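Asks: Structure file coords-v3.txt, compact mmCIF, C-alpha atoms, is pasted below:
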```txt
# COMPACT_ATOMS: atom_id res chain seq x y z
CA MET U 18 58.34 90.48 96.12
CA ASN U 19 60.12 89.91 92.81
CA ARG U 20 63.73 90.80 92.23
CA SER U 21 62.91 93.79 90.03
CA GLY U 22 61.00 95.34 92.92
CA LYS U 23 63.82 94.85 95.39
CA ASP U 24 66.42 96.32 92.99
CA ILE U 25 64.34 99.36 92.10
CA LEU U 26 67.17 101.87 92.65
CA LYS U 27 69.42 99.92 90.30
CA ARG U 28 66.67 99.89 87.67
CA ILE U 29 66.13 103.62 87.95
CA ALA U 30 69.85 104.29 87.62
CA ALA U 31 70.14 101.99 84.61
CA HIS U 32 67.22 103.60 82.74
CA ARG U 33 67.93 107.29 83.38
CA GLU U 34 68.84 107.97 79.75
CA GLY U 35 65.39 106.89 78.58
CA LEU U 36 63.49 109.27 80.89
CA GLY U 37 61.99 112.61 79.97
CA LYS U 38 63.33 115.79 81.58
CA ALA U 39 60.66 115.95 84.29
CA GLU U 40 60.86 112.24 85.16
CA LEU U 41 64.65 112.49 85.19
CA ARG U 42 64.51 115.22 87.85
CA VAL U 43 62.41 112.95 90.04
CA ALA U 44 64.71 109.98 89.40
CA GLU U 45 67.82 111.99 90.28
CA TYR U 46 66.24 113.18 93.51
CA ILE U 47 65.26 109.62 94.46
CA LEU U 48 68.75 108.27 93.71
CA LYS U 49 70.41 111.00 95.78
CA GLN U 50 68.08 110.88 98.79
CA PRO U 51 66.22 107.54 98.85
CA GLU U 52 65.97 107.47 102.66
CA ARG U 53 64.23 110.83 102.65
CA VAL U 54 61.82 109.87 99.85
CA ILE U 55 60.28 107.01 101.83
CA THR U 56 59.03 109.57 104.40
CA MET U 57 57.77 112.12 101.84
CA THR U 58 54.26 112.55 100.50
CA ILE U 59 53.76 112.78 96.76
CA VAL U 60 53.19 116.53 97.18
CA ASP U 61 56.51 116.89 99.02
CA LEU U 62 58.40 114.96 96.34
CA ALA U 63 56.73 116.89 93.54
CA LYS U 64 57.72 120.18 95.15
CA ALA U 65 61.29 119.07 95.88
CA SER U 66 61.90 117.86 92.32
CA GLU U 67 59.85 120.65 90.68
CA VAL U 68 57.42 118.37 88.82
CA SER U 69 53.71 117.61 88.90
CA ASP U 70 52.04 114.75 90.80
CA PRO U 71 51.15 112.91 87.55
CA THR U 72 54.84 112.91 86.57
CA ILE U 73 55.69 111.00 89.74
CA ILE U 74 52.87 108.53 89.14
CA ARG U 75 54.14 107.91 85.59
CA LEU U 76 57.64 107.28 86.89
CA CYS U 77 56.36 104.82 89.50
CA ARG U 78 54.34 102.89 86.93
CA ARG U 79 57.29 102.84 84.56
CA PHE U 80 59.06 100.69 87.14
CA ASP U 81 56.13 98.32 87.67
CA CYS U 82 54.65 99.99 90.75
CA LYS U 83 50.90 100.48 91.12
CA GLY U 84 51.40 103.99 92.40
CA TYR U 85 53.47 106.19 94.68
CA GLN U 86 52.65 104.29 97.87
CA ASP U 87 53.60 100.97 96.28
CA PHE U 88 56.82 102.57 95.07
CA LYS U 89 57.67 103.77 98.60
CA VAL U 90 57.02 100.30 100.04
CA ARG U 91 59.39 98.70 97.54
CA LEU U 92 62.00 101.39 98.11
CA ALA U 93 61.78 100.89 101.88
CA GLN U 94 62.20 97.13 101.45
CA GLN U 95 65.37 97.67 99.43
CA LEU U 96 66.80 100.09 101.98
CA ALA U 97 66.05 97.79 104.92
CA PRO U 98 69.26 96.31 106.36
CA GLU U 99 70.02 92.68 105.64
CA PRO U 100 69.09 90.36 108.52
CA PRO U 101 71.95 88.81 110.48
CA PHE U 102 73.35 85.65 108.98
CA LEU U 103 71.11 82.79 110.05
CA HIS U 104 72.88 79.51 110.70
CA GLN U 105 70.81 76.46 111.59
CA PRO U 106 73.01 74.00 113.47
CA ILE U 107 72.76 70.32 112.65
CA GLU U 108 72.11 68.42 115.85
CA GLN U 109 72.70 64.80 116.72
CA GLY U 110 68.98 64.02 116.80
CA ASP U 111 68.25 65.40 113.31
CA ASP U 112 67.09 62.99 110.64
CA VAL U 113 68.59 63.02 107.14
CA ASP U 114 65.77 65.10 105.67
CA SER U 115 66.26 67.81 108.28
CA ALA U 116 70.04 67.79 107.86
CA VAL U 117 69.76 68.09 104.08
CA GLU U 118 67.36 71.03 104.41
CA LYS U 119 69.60 72.79 106.94
CA ILE U 120 72.70 72.37 104.78
CA LEU U 121 70.88 73.87 101.80
CA LEU U 122 69.52 76.79 103.82
CA ASN U 123 72.90 77.48 105.45
CA SER U 124 74.61 77.44 102.05
CA ILE U 125 72.01 79.74 100.49
CA ASN U 126 72.22 82.14 103.44
CA ALA U 127 76.02 82.22 103.23
CA LEU U 128 75.92 83.10 99.54
CA LYS U 129 73.22 85.74 100.02
CA ARG U 130 75.16 87.42 102.81
CA PHE U 131 78.40 87.30 100.85
CA ARG U 132 76.69 88.99 97.91
CA ALA U 133 76.41 92.12 100.06
CA ASP U 134 79.98 91.86 101.39
CA VAL U 135 81.98 90.79 98.34
CA ASP U 136 84.82 93.15 97.41
CA ALA U 137 84.98 93.20 93.61
CA ALA U 138 87.88 95.68 93.64
CA ALA U 139 89.99 93.26 95.71
CA ILE U 140 89.22 90.44 93.28
CA ASP U 141 90.25 92.73 90.42
CA ARG U 142 93.59 93.54 92.11
CA ALA U 143 94.27 89.91 92.93
CA ALA U 144 93.51 88.84 89.35
CA ASP U 145 96.03 91.36 88.02
CA LYS U 146 98.76 90.07 90.32
CA LEU U 147 98.08 86.44 89.43
CA MET U 148 98.27 87.24 85.73
CA GLN U 149 101.59 89.05 86.11
CA ALA U 150 103.28 86.30 88.15
CA ARG U 151 105.83 83.98 86.60
CA LEU U 152 104.84 81.34 89.16
CA VAL U 153 102.01 81.18 91.71
CA TYR U 154 102.44 79.19 94.92
CA LEU U 155 99.23 78.13 96.64
CA PHE U 156 99.21 77.61 100.40
CA GLY U 157 96.51 76.00 102.51
CA LEU U 158 96.33 73.70 105.51
CA GLY U 159 93.62 71.36 106.73
CA ILE U 160 90.31 71.81 104.93
CA SER U 161 91.78 74.73 102.96
CA GLU U 162 94.05 72.31 101.11
CA THR U 163 91.06 71.39 98.95
CA LEU U 164 90.68 75.06 98.02
CA ALA U 165 94.32 75.24 96.96
CA PHE U 166 93.89 72.17 94.75
CA ASP U 167 90.74 73.61 93.18
CA ALA U 168 92.50 76.92 92.43
CA GLU U 169 95.56 75.14 91.02
CA HIS U 170 93.41 73.12 88.64
CA LYS U 171 91.53 76.18 87.35
CA LEU U 172 94.48 78.58 87.16
CA PHE U 173 96.58 76.03 85.30
CA ARG U 174 93.88 75.75 82.66
CA LEU U 175 94.08 79.51 82.18
CA GLY U 176 97.77 79.23 81.36
CA ILE U 177 98.99 80.42 84.77
CA HIS U 178 101.92 78.42 86.14
CA CYS U 179 101.09 77.41 89.69
CA ARG U 180 102.06 74.93 92.35
CA THR U 181 100.26 73.82 95.50
CA VAL U 182 102.49 73.53 98.57
CA LEU U 183 101.13 71.29 101.32
CA ASN U 184 102.47 70.40 104.76
CA GLY U 185 103.45 73.16 107.17
CA GLN U 186 107.13 72.24 107.33
CA ARG U 187 107.46 72.22 103.55
CA GLN U 188 105.70 75.58 103.37
CA MET U 189 108.15 77.07 105.88
CA LEU U 190 111.09 75.73 103.85
CA MET U 191 109.66 77.01 100.57
CA ALA U 192 108.69 80.51 101.74
CA PRO U 193 112.18 82.14 101.91
CA ASN U 194 112.97 80.93 98.37
CA LEU U 195 110.26 82.85 96.53
CA ASN U 196 111.35 85.56 94.09
CA GLN U 197 109.99 88.99 93.18
CA ASP U 198 108.20 87.60 90.14
CA HIS U 199 106.38 85.00 92.26
CA VAL U 200 102.98 85.32 93.96
CA ALA U 201 101.87 83.44 97.06
CA LEU U 202 98.13 82.76 97.26
CA PHE U 203 96.85 81.75 100.71
CA PHE U 204 93.56 80.10 101.64
CA SER U 205 92.35 80.23 105.22
CA HIS U 206 88.83 80.36 106.62
CA SER U 207 89.85 81.90 109.95
CA GLY U 208 93.07 83.64 108.97
CA GLN U 209 94.45 82.64 112.35
CA THR U 210 96.47 79.54 111.44
CA ARG U 211 99.89 80.15 112.97
CA THR U 212 101.88 78.33 110.27
CA LEU U 213 100.27 80.22 107.40
CA VAL U 214 100.84 83.56 109.13
CA SER U 215 104.49 82.64 109.69
CA VAL U 216 104.87 81.59 106.05
CA ALA U 217 103.35 84.89 104.90
CA SER U 218 105.75 86.80 107.13
CA LEU U 219 108.72 84.98 105.61
CA ILE U 220 107.50 85.71 102.11
CA ASN U 221 107.30 89.42 102.89
CA SER U 222 111.10 89.54 103.09
CA THR U 223 111.53 88.00 99.63
CA GLY U 224 109.82 90.75 97.64
CA ALA U 225 107.20 88.36 96.32
CA ASP U 226 103.57 89.47 96.30
CA SER U 227 101.18 87.73 98.67
CA ILE U 228 97.39 87.37 98.43
CA ALA U 229 95.03 85.84 100.97
CA ILE U 230 91.44 84.72 100.58
CA THR U 231 90.58 84.88 104.24
CA ALA U 232 88.67 86.53 107.06
CA PRO U 233 89.01 90.32 107.08
CA GLY U 234 91.00 91.74 109.99
CA SER U 235 92.60 88.37 110.77
CA HIS U 236 96.31 87.87 111.44
CA LEU U 237 96.82 86.53 107.92
CA ALA U 238 94.89 89.43 106.39
CA ARG U 239 97.15 91.89 108.20
CA THR U 240 100.29 90.10 107.00
CA VAL U 241 99.75 89.75 103.24
CA ASP U 242 99.87 92.45 100.54
CA THR U 243 96.37 91.90 99.12
CA VAL U 244 93.30 90.57 100.91
CA VAL U 245 90.19 89.17 99.26
CA PRO U 246 87.96 89.26 102.34
CA VAL U 247 85.55 86.41 103.01
CA PRO U 248 83.78 86.91 106.36
CA PRO U 249 83.33 83.67 108.35
CA TYR U 250 79.56 83.84 108.82
CA ASP U 251 78.94 80.37 110.18
CA ARG U 252 80.47 78.60 113.14
CA SER U 253 82.23 75.96 111.02
CA GLU U 254 80.48 73.10 112.77
CA ILE U 255 81.89 69.64 112.34
CA TYR U 256 78.72 68.48 110.57
CA THR U 257 78.65 71.34 108.04
CA PRO U 258 82.15 72.06 106.69
CA LEU U 259 80.71 72.99 103.28
CA THR U 260 79.31 76.34 104.40
CA ALA U 261 82.72 77.22 105.86
CA ARG U 262 84.38 77.06 102.44
CA LEU U 263 81.52 77.63 100.02
CA ASN U 264 82.20 81.34 99.57
CA HIS U 265 85.92 80.61 99.19
CA LEU U 266 85.10 78.36 96.25
CA VAL U 267 82.94 81.12 94.79
CA VAL U 268 85.84 83.58 95.10
CA ILE U 269 88.08 81.19 93.19
CA ASN U 270 85.53 81.15 90.39
CA MET U 271 85.34 84.94 90.49
CA LEU U 272 89.12 85.16 90.12
CA VAL U 273 89.03 82.73 87.20
CA VAL U 274 86.35 84.74 85.41
CA ALA U 275 88.17 88.03 86.11
CA ILE U 276 91.40 86.64 84.67
CA ARG U 277 89.64 85.18 81.66
CA LEU U 278 87.98 88.54 80.95
CA LYS U 279 91.30 90.36 81.29
CA GLN U 280 92.83 87.87 78.87
CA GLY U 281 90.22 88.94 76.34
CA LYS U 282 88.75 85.47 76.01
CA SER U 283 85.13 84.81 75.14
CA MET U 284 82.88 82.62 77.27
CA PRO U 285 84.75 83.26 80.56
CA ASP U 286 82.78 80.60 82.43
CA ASN U 287 83.48 77.90 79.84
CA LEU U 288 86.47 75.96 81.15
CA ASN U 289 85.65 72.52 79.79
CA ALA U 290 87.80 72.70 76.65
CA LEU U 291 90.48 70.43 78.11
CA ASP U 292 88.16 67.74 79.41
CA SER U 293 88.20 65.81 76.16
CA TRP U 294 91.81 64.83 76.62
CA LEU U 295 92.37 65.24 80.35
CA THR U 296 89.67 62.78 81.32
CA GLU U 297 88.48 59.77 79.40
CA LYS U 298 84.70 59.54 79.14
CA LEU U 299 82.51 56.47 78.68
CA LEU U 300 80.12 56.84 75.75
```
Here is a file; write its structure as structure tokens.
Replies:
Amino acid sequence: MNRSGKDILKRIAAHREGLGKAELRVAEYILKQPERVITMTIVDLAKASEVSDPTIIRLCRRFDCKGYQDFKVRLAQQLAPEPPFLHQPIEQGDDVDSAVEKILLNSINALKRFRADVDAAAIDRAADKLMQARLVYLFGLGISETLAFDAEHKLFRLGIHCRTVLNGQRQMLMAPNLNQDHVALFFSHSGQTRTLVSVASLINSTGADSIAITAPGSHLARTVDTVVPVPPYDRSEIYTPLTARLNHLVVINMLVVAIRLKQGKSMPDNLNALDSWLTEKLL
């Protein structure tokens, strides 16, 4: 099944203005009650939307379906719930080929699942707060330190003043000294790291805004002002740390693009302008 077939409701919604009056009545009915349509005969749908059978057939063919039955099959496929996240563990006896394949599949599955769960509104709110901050402090521990460094590098290149704070003791010392025009950005896969939760609690008393890219419902998520939720789909196995932070890296890129768009810049995904003088290249 191609992508256009699976996104048939989105296609209908996007092309409503180009439909005739009769086809539009059918389209509106389908968009309002898609679950009911998949159980209806063409006669039932024609009666409910006050059109003729041929009108429904024309609408189905307009969206690349062979007929009404084909349309219902595609609609049912789109409405089917996403399967549970499938994680294939890498075992000690696996060869390299098998491990490579499992890592790719786990990464693809994590991204596909996150596509359904991503909270664009939260990313929008977080981007606004980062843009308004005089200084952004980035907090992460363990594997999340790499996320903080990645965010620092990208935010700096957008003109946002930021500073990564590593080491739990240093984070605890720094937290009470934030000001109201500062923003604390936390990275945590589990949201259960005691030190990060304690740091976030200290920051709450300073008046500074706090944002966490972390597991929804976690201790850290309940402590900060703004949460960009990233569900921990996999079991963070020792052999596959990439899938544990892959969606966090994607969220960082989403924040960068959101900020760049809000800044009114063109080419929001083009961040290579500084490479010519930041890094020396061999010709």
Asks: May I have the residues within 12 Å of Lys49 (chain U) as JSON, numbers by chain, using all atoms listed in the file and disregarding those fewer than 4 positions away in the same chain?
Replies: {"U": [26, 29, 30, 42, 43, 44, 45, 53, 54, 66]}
Asks: Could you check which of U:Thr243, U:Ser207, U:Ser222, U:Gln86 is closest to Thr56 (chain U), using only C-alpha atoms?
Replies: U:Gln86
Asks: Restricting the calculation to all atoms listed in the file: of U:Val214, U:Lys171, U:Gln209, U:Asn126, which residue gets closest to Gly185 (chain U)?
Replies: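 Once distances to Gly185 (chain U) are computed over all atoms listed in the file, the minimum belongs to U:Val214.
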Asks: Take CA of Leu202 (chain U) and CA of Phe173 (chain U) and report the distance between them in Å, one decimal.
Replies: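 Pair CA of Leu202 (chain U) / CA of Phe173 (chain U) returns 13.8 Å.
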Asks: Between CA of Gly234 (chain U) and CA of Asp134 (chain U), measure the distance and give it in Å to one decimal.
Replies: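 So the answer is 14.0 Å.
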Asks: Which residues are close to Gly176 (chain U), i.e. within 12 Å by all atoms listed in the file, leaving aside same-chain residues fewer than 4 positions away? Reply as a list of chain:residue names.
Replies: U:Leu147, U:Met148, U:Gln149, U:Ala150, U:Arg151, U:Leu152, U:Val153, U:Glu169, U:His170, U:Lys171, U:Leu172, U:Val273, U:Ile276, U:Arg277, U:Gln280, U:Leu288, U:Leu291
Asks: Report the distance between CA of Leu155 (chain U) and CA of Asn123 (chain U) in Å, rounded to one decimal place.
Replies: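 Computed distance, CA of Leu155 (chain U) to CA of Asn123 (chain U), equals 27.8 Å.
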Asks: Could you tell me which of U:Ala31, U:Ala275, U:Ala225, U:Ile160 comes closest to Val241 (chain U) if we count all atoms listed in the file?
Replies: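 Nearest candidate to Val241 (chain U) out of U:Ala31, U:Ala275, U:Ala225, U:Ile160: U:Ala225.
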Asks: Find the residues around Asp70 (chain U) up to 10 Å (all atoms listed in the file counted), leave out those fewer than 6 positions away in its own chain, and share them as JSON, numbers by chain.
Replies: {"U": [59, 60, 61, 62, 63, 64, 85]}
Asks: Select, from U:Ile55, U:Arg78, U:Arg187, U:Leu272, the residue with the minimum atom-to-atom distance to Leu175 (chain U), counting only C-alpha atoms.
Replies: U:Leu272
Asks: Supply region 28-58 of chain U as a short mmCIF file (atom, residue, chain, number, x, y, z; two decimals), in the coordinates of the input, with N, CA and C atoms built in where the input has gaps.
Replies:
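Final output, saved to result.cif:
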```
data_model
loop_
_atom_site.label_atom_id
_atom_site.label_comp_id
_atom_site.auth_asym_id
_atom_site.auth_seq_id
_atom_site.Cartn_x
_atom_site.Cartn_y
_atom_site.Cartn_z
N ARG U 28 67.43 99.76 88.91
CA ARG U 28 66.67 99.89 87.67
C ARG U 28 66.51 101.35 87.27
N ILE U 29 66.26 102.19 88.26
CA ILE U 29 66.13 103.62 87.95
C ILE U 29 67.45 104.16 87.41
N ALA U 30 68.54 103.82 88.06
CA ALA U 30 69.85 104.29 87.62
C ALA U 30 70.18 103.80 86.22
N ALA U 31 69.80 102.58 85.92
CA ALA U 31 70.14 101.99 84.61
C ALA U 31 69.30 102.56 83.48
N HIS U 32 68.13 103.13 83.79
CA HIS U 32 67.22 103.60 82.74
C HIS U 32 67.09 105.12 82.71
N ARG U 33 68.03 105.83 83.34
CA ARG U 33 67.93 107.29 83.38
C ARG U 33 67.92 107.92 81.98
N GLU U 34 68.71 107.36 81.07
CA GLU U 34 68.84 107.97 79.75
C GLU U 34 67.53 107.92 78.97
N GLY U 35 66.65 107.01 79.31
CA GLY U 35 65.39 106.89 78.58
C GLY U 35 64.26 107.71 79.18
N LEU U 36 64.54 108.49 80.22
CA LEU U 36 63.49 109.27 80.89
C LEU U 36 63.39 110.66 80.29
N GLY U 37 62.18 111.22 80.36
CA GLY U 37 61.99 112.61 79.97
C GLY U 37 62.60 113.54 81.01
N LYS U 38 62.65 114.84 80.69
CA LYS U 38 63.33 115.79 81.58
C LYS U 38 62.69 115.83 82.96
N ALA U 39 61.35 115.86 83.00
CA ALA U 39 60.66 115.95 84.29
C ALA U 39 60.86 114.67 85.11
N GLU U 40 60.67 113.51 84.46
CA GLU U 40 60.86 112.24 85.16
C GLU U 40 62.31 112.08 85.62
N LEU U 41 63.24 112.59 84.82
CA LEU U 41 64.65 112.49 85.19
C LEU U 41 64.95 113.28 86.46
N ARG U 42 64.31 114.44 86.62
CA ARG U 42 64.51 115.22 87.85
C ARG U 42 64.04 114.45 89.06
N VAL U 43 62.91 113.78 88.93
CA VAL U 43 62.41 112.95 90.04
C VAL U 43 63.37 111.79 90.31
N ALA U 44 63.81 111.14 89.25
CA ALA U 44 64.71 109.98 89.40
C ALA U 44 66.01 110.39 90.08
N GLU U 45 66.57 111.53 89.68
CA GLU U 45 67.82 111.99 90.28
C GLU U 45 67.63 112.29 91.76
N TYR U 46 66.51 112.88 92.10
CA TYR U 46 66.24 113.18 93.51
C TYR U 46 66.13 111.89 94.31
N ILE U 47 65.43 110.90 93.77
CA ILE U 47 65.26 109.62 94.46
C ILE U 47 66.60 108.93 94.66
N LEU U 48 67.45 108.94 93.63
CA LEU U 48 68.75 108.27 93.71
C LEU U 48 69.66 108.96 94.71
N LYS U 49 69.55 110.27 94.85
CA LYS U 49 70.41 111.00 95.78
C LYS U 49 69.93 110.91 97.22
N GLN U 50 68.62 110.86 97.43
CA GLN U 50 68.08 110.88 98.79
C GLN U 50 66.97 109.85 98.98
N PRO U 51 67.28 108.56 98.74
CA PRO U 51 66.22 107.54 98.85
C PRO U 51 65.64 107.42 100.25
N GLU U 52 66.48 107.59 101.29
CA GLU U 52 65.97 107.47 102.66
C GLU U 52 64.95 108.55 102.96
N ARG U 53 65.16 109.74 102.41
CA ARG U 53 64.23 110.83 102.65
C ARG U 53 62.92 110.61 101.89
N VAL U 54 63.01 110.05 100.70
CA VAL U 54 61.82 109.87 99.85
C VAL U 54 60.79 108.98 100.52
N ILE U 55 61.24 107.94 101.23
CA ILE U 55 60.28 107.01 101.83
C ILE U 55 59.44 107.65 102.93
N THR U 56 59.82 108.86 103.38
CA THR U 56 59.03 109.57 104.40
C THR U 56 58.26 110.74 103.80
N MET U 57 58.39 110.97 102.49
CA MET U 57 57.77 112.12 101.84
C MET U 57 56.43 111.76 101.23
N THR U 58 55.51 112.71 101.24
CA THR U 58 54.26 112.55 100.50
C THR U 58 54.54 112.85 99.03
#
```
